[in-house]
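Asker: Handing you a structure now.
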Amino acid sequence: MSSPETPTEPPEPDDPTWSTQPTYSNLGEIRAHLLPSKACRPRTPGSRSTDPQPLPPPLPKKILTRTQSLPNRRIPHASSIQVQLPRRPFLWSHSVDKSQAEVGPACPPAELTFGLTDAPLGLSLRNLHSPEAVHAALAARQLQGLRAIYARLHTRFMGGHPGPCRPGHGFRLLDSSPCAESGDALYYRVVRVHDDAWHILVAKVPKPGADVPHPWGLELQASLSPHFNLQGLCGVVPEGTLPGAPWRGAVALAAEVPERTVAQWLMEACTQPPEEFVWAVALVLLQLSAALEFLEAWGAALVELRPENLLLAAPRGCAATGHPRLLLADFGRVCLQPPGPPGSPGPHAPQLGSLLREMLGLAAPSTTPLAAGLERLAAQLTRLQPSASRTRGALQALLWGPGPEMRGRGAPLSPWLRALGPWLRLHRGLLVLRLAERAAGGEAPSLEDWLCCEYLAEATESSMGQALALLWD
């Protein structure tokens, strides 16, 4: 048998024994290790047991509880918490401060509500048994919803306007080379900074030897309110404000940053399939007619309409691969043209007809109904010389209807004009459904969607009848 092991000597009181390497996760455990062994401490007379006394319990850990003032919600995981840093909103071609980015239309349409009562619809129990009353209430709600969608998209695509330049604004040149070149000007990107707001603008530098712009046209451009298809001016940069600028003298600052001209775009777009090219041409001419309609309403006319002076930019809030936004920037060739009585010849009709034929001649002939309609419109522009407003209505009808089957030649006016009302209500409802389906799929509205909303929201039976008469009479 093996002999029992020799017991070890008890530790001295001055040499405490560490059972394990001390850790610092609990203050009570550390304090217990610092005390001498219980076996070496003197016992009190009232001790009942000779066994060593147990170690003192560790100090409890602190548990932080939420205050009752916080909302009773589930605490998010730490990885899902994101710190909201101060930001500067950026809206495509220029950034805007928060106050401008959140400003919408002056009187936005009321939002649709889907309550359990029928009072907002204006229907009673008696009206529910009348199909005509139900259809009228639904048509009114569809129009209201379409106008609300149009107003929201208008605010989104236009963004916040940078506003005029004021004392205290700082400027810095972004690029030493121009971002776009038109027929008579070069455009350089410039940053304007003031406090926490900054904007990307463009300096419009006239080319050497360019014609001297008409002062009245420049004053008109500076005084116009922001328009989707008109280049807006923000002010003038004095000479010497931008060190290293590749120009001399004071230059004007514009709000929108162009990417190219219509002439440059046509060289690329004409290589597309004929159907796509014709559709893109119609959308560009629709925007141009909207800009010319605005000028004609102000009693102004563009002396010369040249593709190299028509700018294109990407609309804010849209995909970069979508249809471009047209900007009329050649205000130096704008002259005074007082508007005539209703039905008088439009000052831009002959130029629009020539431009339309020139654009269609760049690509292979197309046999689509839209191509035939544009050829018809080009001939009518030369023969009848309609105003820009009527031209815009004809382009809208060619793009989204109604077609020539709604206007029989030689037919009485009243029957087919009455049929335009149901057609308009039907297509308003279909457009709202299409936008809802695309929004449910996560697809953002395009520039074409917004232009179609504008057309169906403002169209009437009379305006569509005039467009069909211009095209097919």
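Identifiers in the structure tokens: chain A, B, ... in order shown; residue index from 1 per chain; ligand index from 1 in order shown.
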Could you make a table, as a tab-separated table, of the residues of region 206-297 of chain A that have an atom within 8 Å of an atom of region 147-169 of chain A, each with its nearest atom pair and distance in Å to one decimal, counting only C-alpha atoms, in chain and number order?

Answerer:
```
residue	atom	partner	partner_atom	distance
A:Pro226	CA	A:His161	CA	7.5
A:Phe228	CA	A:Met158	CA	6.6
A:Leu233	CA	A:Pro164	CA	7.8
A:Cys234	CA	A:Pro164	CA	4.4
A:Gly235	CA	A:Cys165	CA	5.3
A:Val236	CA	A:Cys165	CA	7.6
A:Ala255	CA	A:Pro162	CA	6.7
```

Asker: Using only C-alpha atoms, which residues sit within 12 Å of region 188-191 of chain A once same-chain residues fewer than 2 positions away are excluded, as a VMD selection string?

Answerer: chain A and resid 93 to 96 162 165 169 to 182 185 to 186 193 to 194 197 to 206 234 236 to 237 241 to 243 245 to 247 251 to 259

Asker: With distances taken over only C-alpha atoms, which of A:Glu296, A:His129, A:Leu424, A:Gln466 is nearest to Pro338 (chain A)?

Answerer: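 Among the listed residues, the smallest separation from Pro338 (chain A) belongs to A:Glu296.
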
Asker: Would you kindly return, as a list of chain:residue names, each protein, DNA or RNA residue with an atom no farther than 8 Å from any atom of region 431-433 of chain A, considering only C-alpha atoms and excluding same-chain residues fewer than 5 positions away?

Answerer: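 My list of contacting residues is A:Gln142, A:Gly145, A:Leu146, A:Cys453.
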